[in-house]
Amino acid sequence: MKDNESKKIIVINDLIKTYGDKTIIDNINFHIHPNEFLTILGPSGCGKTTLLRMIGGFETPDSGDILFDGKSIIKTPPNKRPINTVFQKYALFPHLNVYDNVAFGLKIQKKSKDEIEPLVAEMLRMVNLQGQEQRDVNSLSGGEQQRVAIARALINHPRVLLLDEPLGALDLKLRKNMQLELKSLQKKTGVTFIYVTHDQEEAMTMSDTIIIMNHGRIQQIGSPVDIYNEPRNAFAADFIGESNIIDSIMVKDCLVKIQGVDFQCVDKGFHEKEDVLTVIRPEDIEILKPGEGLLDGTVESVTFLGMHYETIMSSGENQWLIQTTRKLEPGDKISIWVDPDNIHIMKKERRHEII
């Protein structure tokens, strides 16, 4: 464990926010470490942007507290918090060039020209915009505008940078490139990033820690690997990647019955004959000849997605999603097998559980 991992730069305690009779943030608790890239992930309307705005000071919670280095900042205005924000609509000043946009915060602080120039030059080098100082921001591409916004936010050396879906307006290829650049920039500067997105791939690519939200509540907190391999409930399993989530019966430790067939697994601690949910990722299913696997079925549809075929197999009352490099045809008879390590068992009440 790194030294700074035992520290907490921000602590969120029992945060609640309502608008009228609608609860937007419902008793949320978590903490953030220094130099962490934390992503708040969830569908539209889940409360993630409201949560970010409360950390930034743009919204006030109805109750609860936000601590920064152990001290409450609830009553601290946004401009007094050691936090800066990059919004989805970068909010650049259209009448200022690149240099003046980046230098704006330093000029407000009455820094001298001799102080400002090397800081702007350093920041533009960091975001790969050196030599672009005199360009009109309206002539920049979406990715370049985003870099200017990030440089402007970072030049004041905030302890924390908030990013509210900053890649949402970019095309797919540029978005993927910027994901890697943002992660690299975060590591280079040592600034704590709190990033809001509804894009699962973005969260998985960049984050040290992911918070999954739904209906104003936290569903799961963990590393990308932990959340993908050990989803806490059906919402998390379905929202991160794709999953087959099947009603099953736990026969005993390390043995689950799916569609009347016994599957070996590695999960323990359930009651015998307990109704459970089994989660199996589509890429973890192996295709065999009929009769050679654990369950037989019929291929219903096949979709080519470049790196693999997405295949739907019907078996009994269930439809199974399978990702494979094998080319099958609708109507093919197949059998499936799953390694016990790739079978994850959850308590059935967690299908609708909200933490």
# chains A, B, ... in the order shown; residues from 1 in each chain; ligands from 1
call {"tool": "residues_around", "arguments": {"residues": "Ser207 of chain A", "least_positions_apart": "6", "cutoff": "8 Å", "atoms": "only C-alpha atoms", "output": "PyMOL selection string"}}
result
chain A and resi 37-39+183+223-224
call {"tool": "residues_around", "arguments": {"residues": "segment 262-279 of chain A", "least_positions_apart": "2", "cutoff": "12 Å", "atoms": "only C-alpha atoms", "output": "MDAnalysis selection string"}}
result
chainID A and resid 228:238 241:260 281:282 284:285 293:295 320:321 336:352
call {"tool": "atom_distance", "arguments": {"atom1": "atom CA of Met206 of chain A", "atom2": "atom CA of Lys188 of chain A"}}
result
13.8 Å
call {"tool": "residues_around", "arguments": {"residues": "segment 44-60 of chain A", "least_positions_apart": "4", "cutoff": "10 Å", "atoms": "only C-alpha atoms", "output": "MDAnalysis selection string"}}
result
chainID A and resid 10:12 15:17 23:26 28 39:40 64:68 73:85 160:165 194:198 211:218
call {"tool": "closest_residue", "arguments": {"among": "A:Val127, A:Lys71, A:Pro166, A:Ala149", "to": "Ser184 of chain A", "atoms": "only C-alpha atoms"}}
result
A:Val127
call {"tool": "atom_distance", "arguments": {"atom1": "atom CA of Leu328 of chain A", "atom2": "atom CA of Val302 of chain A"}}
result
6.9 Å
call {"tool": "select_by_dssp", "arguments": {"residues": "segment 148-347 of chain A", "states": "helix (DSSP H, G or I)", "output": "PyMOL selection string"}}
result
chain A and resi 148-154+172-189+200-206+224-229+234-239+282-284+340-342
call {"tool": "residues_around", "arguments": {"residues": "Met126 of chain A", "least_positions_apart": "4", "cutoff": "12 Å", "atoms": "only C-alpha atoms", "output": "list of chain:residue names"}}
result
A:Leu119, A:Val120, A:Ala121, A:Glu122, A:Gln130, A:Arg147, A:Val148, A:Ile150, A:Ala151, A:Arg152, A:Leu154, A:Ile155, A:Glu181, A:Leu182, A:Ser184, A:Leu185, A:Gln186, A:Lys187, A:Lys188, A:Thr189
call {"tool": "select_by_dssp", "arguments": {"residues": "segment 60-171 of chain A", "states": "strand (DSSP E)", "output": "list in words"}}
result
Ser63, Gly64, Asp65, Ile66, Leu67, Phe68, Lys71, Ser72, Ile83, Asn84, Thr85, Val86, Val160, Leu161, Leu162, Leu163 and Asp164 of chain A
call {"tool": "atom_distance", "arguments": {"atom1": "atom CA of Gln179 of chain A", "atom2": "atom CA of Asn97 of chain A"}}
result
25.1 Å
